[in-house]
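Encoded as structure tokens, the structure appears first; notes follow it.
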Amino acid sequence: SRRSSREVLLGGVAPRRSEVVRALAAMSDHEDHHFETADSGASATFPMQAGEIRKGSHLMIKGRPCKCIEVSTSKTGKHGHAKAHIVALDIFTGKKMEDLCPTSHNLDVPFVKKTEYQVLTADADTGEVSLLQENGDTKDDMNLPIFVKIGEPTEDDKKVTEEMLKAMDDGKDCVCIVQAACGEEKIIGTKVTEPK
């Protein structure tokens, strides 16, 4: 005769209900339930299938937020998976990155936010920039784009820095565009207008 799952659980004898409850309670006591809490890194991205990535999409490669500049898919052998070959640029350093993965695999996509701030001061020597936030507070944790922590500044970094410094020297109103992702921020563009 087939034994019930309760009999199997407790060694062949059909136990009373109270014994089953006790046995299960004991099992759960021994298991140390450890739930991963979402830290700041986890909430900075969301998953997307590799096959959904298009030119211009953002994605994470080797832990860095990147923007896709080229994507191609190749079908491999008879039972192979279609693969996506992604070429992208790091959105903060401009470094070229590549990834090759099955199109059905999930990739992390960073949340990228762009915010405009009025530029109050920009110091060419120290690289320090002071920006005006919407609430009237100043934001003093930004540097000119040519002051980079890793690698060399890109041509865009140099161009944006020149535009900002020239606007400040000429006494014009300058608004800068700050791009933020994964806890990093960088000035990526400027808008210069004549003072009102």
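Residue numbering restarts at 1 in every chain; chains get A, B, ... in the order shown in the structure tokens, and ligands count up from 1 in that same order.
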Exercise for the section: Could you find all residues in region 71-109 of chain A that DSSP calls strand (DSSP E or B) from the backbone, and write them as a ChimeraX atom specification? Expected result: /A:71-74,83-90,96-102,106-109
Grab the residues selected above and save them as an mmCIF file, in the first residue's frame with C-alpha atoms.
```cif
data_model
loop_
_atom_site.group_PDB
_atom_site.id
_atom_site.type_symbol
_atom_site.label_atom_id
_atom_site.label_comp_id
_atom_site.auth_asym_id
_atom_site.auth_seq_id
_atom_site.Cartn_x
_atom_site.Cartn_y
_atom_site.Cartn_z
ATOM 1 C CA VAL A 71 24.180 45.166 -31.174
ATOM 2 C CA SER A 72 24.114 42.112 -33.412
ATOM 3 C CA THR A 73 22.545 38.689 -32.917
ATOM 4 C CA SER A 74 23.941 35.463 -34.266
ATOM 5 C CA LYS A 83 23.620 35.118 -28.986
ATOM 6 C CA ALA A 84 23.654 38.892 -28.696
ATOM 7 C CA HIS A 85 26.957 40.658 -29.291
ATOM 8 C CA ILE A 86 26.768 44.056 -27.605
ATOM 9 C CA VAL A 87 29.273 46.876 -28.007
ATOM 10 C CA ALA A 88 28.783 49.759 -25.584
ATOM 11 C CA LEU A 89 30.503 52.783 -24.080
ATOM 12 C CA ASP A 90 30.826 53.403 -20.347
ATOM 13 C CA LYS A 96 34.498 50.760 -24.940
ATOM 14 C CA MET A 97 33.015 47.578 -23.465
ATOM 15 C CA GLU A 98 31.768 44.366 -25.097
ATOM 16 C CA ASP A 99 29.481 41.571 -23.984
ATOM 17 C CA LEU A 100 28.386 38.317 -25.625
ATOM 18 C CA CYS A 101 25.471 36.439 -24.094
ATOM 19 C CA PRO A 102 22.406 34.373 -25.081
ATOM 20 C CA ASN A 106 18.662 38.768 -18.410
ATOM 21 C CA LEU A 107 21.034 41.704 -18.252
ATOM 22 C CA ASP A 108 21.000 44.448 -15.652
ATOM 23 C CA VAL A 109 19.901 47.837 -16.955
#
```
Practice task
Give me the residues within 9 Å of region 160-177 of chain A as a list in words, counting only C-alpha atoms and dropping any in the same chain fewer than 4 places off.
Solution key: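 In the requested format, the answer is Lys114, Thr115, Glu116, Tyr117, Gln118, Val119, Leu120, Thr121, Ala122, Asp123, Ala124, Leu131, Leu144, Pro145, Ile146, Glu155, Asp156, Lys186, Ile187, Ile188, Gly189, Thr190, Lys191, Val192, Thr193, Glu194, Pro195 and Lys196 of chain A.
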Problem - Which residue of A:Met48, A:Val129, A:Cys66, A:Met142 approaches Val112 (chain A) most closely, using only C-alpha atoms - result: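 Checking each candidate against Val112 (chain A), we get A:Cys66 as the closest.
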Practice task
Using only C-alpha atoms, find the one residue out of A:Asn143, A:Ser43, A:Gln49, A:Thr93 that sits nearest to Glu128 (chain A).
Solution key: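 Closest residue, counting only C-alpha atoms: A:Asn143.
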Handout entry: Straight-line distance linking CA of Lys95 (chain A) with CA of Lys75 (chain A), stated in Å to one decimal
Key =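 Atom-to-atom, CA of Lys95 (chain A) to CA of Lys75 (chain A), that is 27.8 Å.
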Problem - Separation of CA of Gly136 (chain A) from CA of Val178 (chain A), in Å and rounded to one decimal - result: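 Value for the CA of Gly136 (chain A)-CA of Val178 (chain A) distance: 16.9 Å.
The environment of region 180-184 of chain A within 8 Å, counting only C-alpha atoms and disregarding residues fewer than 5 places along the same chain, consists of Gly41, Ala44, Thr45, Pro65, Pro110, Phe111, Val112, Lys113 and Lys114 of chain A.
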Handout entry: All alpha helix (DSSP H) residues (DSSP, backbone) inside region 76-180 of chain A, as number ranges by chain
Key = A: 155-169
Output of the above residues as a compact mmCIF listing (two decimals), in the first residue's frame, restricted to all heavy atoms:
```txt
# COMPACT_ATOMS: atom_id res chain seq x y z
N GLU A 155 36.89 63.63 -25.48
CA GLU A 155 36.74 64.89 -26.23
C GLU A 155 35.51 65.66 -25.76
O GLU A 155 35.53 66.88 -25.65
CB GLU A 155 36.65 64.60 -27.74
CG GLU A 155 37.96 64.13 -28.37
CD GLU A 155 39.13 65.08 -28.11
OE1 GLU A 155 38.96 66.31 -28.29
OE2 GLU A 155 40.21 64.60 -27.69
N ASP A 156 34.43 64.91 -25.49
CA ASP A 156 33.20 65.55 -24.99
C ASP A 156 33.44 66.23 -23.65
O ASP A 156 32.93 67.32 -23.40
CB ASP A 156 32.07 64.51 -24.84
CG ASP A 156 31.45 64.15 -26.19
OD1 ASP A 156 31.67 64.90 -27.16
OD2 ASP A 156 30.75 63.13 -26.26
N ASP A 157 34.21 65.56 -22.77
CA ASP A 157 34.51 66.14 -21.45
C ASP A 157 35.21 67.49 -21.63
O ASP A 157 34.88 68.47 -20.95
CB ASP A 157 35.45 65.21 -20.65
CG ASP A 157 34.77 63.91 -20.24
OD1 ASP A 157 33.53 63.86 -20.26
OD2 ASP A 157 35.49 62.96 -19.89
N LYS A 158 36.17 67.51 -22.56
CA LYS A 158 36.93 68.76 -22.79
C LYS A 158 36.03 69.85 -23.35
O LYS A 158 36.09 71.01 -22.94
CB LYS A 158 38.10 68.49 -23.74
CG LYS A 158 39.17 67.57 -23.14
CD LYS A 158 40.21 67.18 -24.18
CE LYS A 158 41.16 66.12 -23.62
NZ LYS A 158 41.95 65.48 -24.67
N LYS A 159 35.16 69.46 -24.29
CA LYS A 159 34.26 70.41 -24.94
C LYS A 159 33.28 71.02 -23.92
O LYS A 159 33.09 72.24 -23.87
CB LYS A 159 33.49 69.68 -26.05
CG LYS A 159 32.58 70.56 -26.89
CD LYS A 159 32.13 69.78 -28.14
CE LYS A 159 30.85 70.35 -28.71
NZ LYS A 159 29.63 69.76 -28.17
N VAL A 160 32.68 70.17 -23.09
CA VAL A 160 31.71 70.64 -22.08
C VAL A 160 32.39 71.57 -21.08
O VAL A 160 31.85 72.61 -20.71
CB VAL A 160 31.06 69.43 -21.36
CG1 VAL A 160 30.24 69.87 -20.16
CG2 VAL A 160 30.19 68.65 -22.33
N THR A 161 33.61 71.19 -20.65
CA THR A 161 34.35 72.01 -19.69
C THR A 161 34.64 73.39 -20.28
O THR A 161 34.44 74.42 -19.63
CB THR A 161 35.67 71.32 -19.29
OG1 THR A 161 35.36 70.03 -18.74
CG2 THR A 161 36.44 72.13 -18.27
N GLU A 162 35.12 73.42 -21.54
CA GLU A 162 35.41 74.70 -22.21
C GLU A 162 34.17 75.58 -22.30
O GLU A 162 34.22 76.77 -22.02
CB GLU A 162 35.94 74.44 -23.64
CG GLU A 162 37.44 74.21 -23.69
CD GLU A 162 37.89 73.79 -25.09
OE1 GLU A 162 37.33 74.29 -26.08
OE2 GLU A 162 38.81 72.95 -25.18
N GLU A 163 33.04 74.97 -22.69
CA GLU A 163 31.78 75.72 -22.82
C GLU A 163 31.37 76.34 -21.49
O GLU A 163 30.96 77.49 -21.42
CB GLU A 163 30.65 74.79 -23.32
CG GLU A 163 30.75 74.47 -24.80
CD GLU A 163 29.74 73.39 -25.23
OE1 GLU A 163 28.92 72.96 -24.39
OE2 GLU A 163 29.78 72.99 -26.41
N MET A 164 31.50 75.53 -20.40
CA MET A 164 31.11 76.03 -19.08
C MET A 164 31.98 77.19 -18.63
O MET A 164 31.47 78.23 -18.20
CB MET A 164 31.21 74.90 -18.04
CG MET A 164 30.02 73.99 -17.99
SD MET A 164 30.27 72.65 -16.80
CE MET A 164 30.09 73.51 -15.26
N LEU A 165 33.29 77.02 -18.77
CA LEU A 165 34.22 78.06 -18.31
C LEU A 165 34.06 79.33 -19.13
O LEU A 165 34.10 80.44 -18.58
CB LEU A 165 35.67 77.55 -18.35
CG LEU A 165 35.98 76.41 -17.36
CD1 LEU A 165 37.37 75.86 -17.61
CD2 LEU A 165 35.85 76.89 -15.91
N LYS A 166 33.87 79.19 -20.45
CA LYS A 166 33.70 80.35 -21.32
C LYS A 166 32.42 81.11 -20.94
O LYS A 166 32.41 82.33 -20.84
CB LYS A 166 33.65 79.92 -22.78
CG LYS A 166 33.62 81.09 -23.77
CD LYS A 166 33.73 80.61 -25.20
CE LYS A 166 33.88 81.76 -26.19
NZ LYS A 166 32.95 82.87 -26.01
N ALA A 167 31.33 80.35 -20.70
CA ALA A 167 30.06 80.98 -20.32
C ALA A 167 30.21 81.76 -19.02
O ALA A 167 29.70 82.89 -18.89
CB ALA A 167 28.97 79.92 -20.18
N MET A 168 30.94 81.19 -18.06
CA MET A 168 31.14 81.86 -16.77
C MET A 168 31.98 83.13 -16.95
O MET A 168 31.67 84.18 -16.40
CB MET A 168 31.82 80.92 -15.75
CG MET A 168 31.06 79.64 -15.43
SD MET A 168 29.30 79.86 -15.06
CE MET A 168 29.36 80.53 -13.43
N ASP A 169 33.03 83.01 -17.78
CA ASP A 169 33.90 84.18 -18.04
C ASP A 169 33.14 85.29 -18.74
O ASP A 169 33.35 86.47 -18.49
CB ASP A 169 35.11 83.77 -18.91
CG ASP A 169 36.11 82.92 -18.11
OD1 ASP A 169 35.99 82.90 -16.87
OD2 ASP A 169 36.97 82.29 -18.73
```
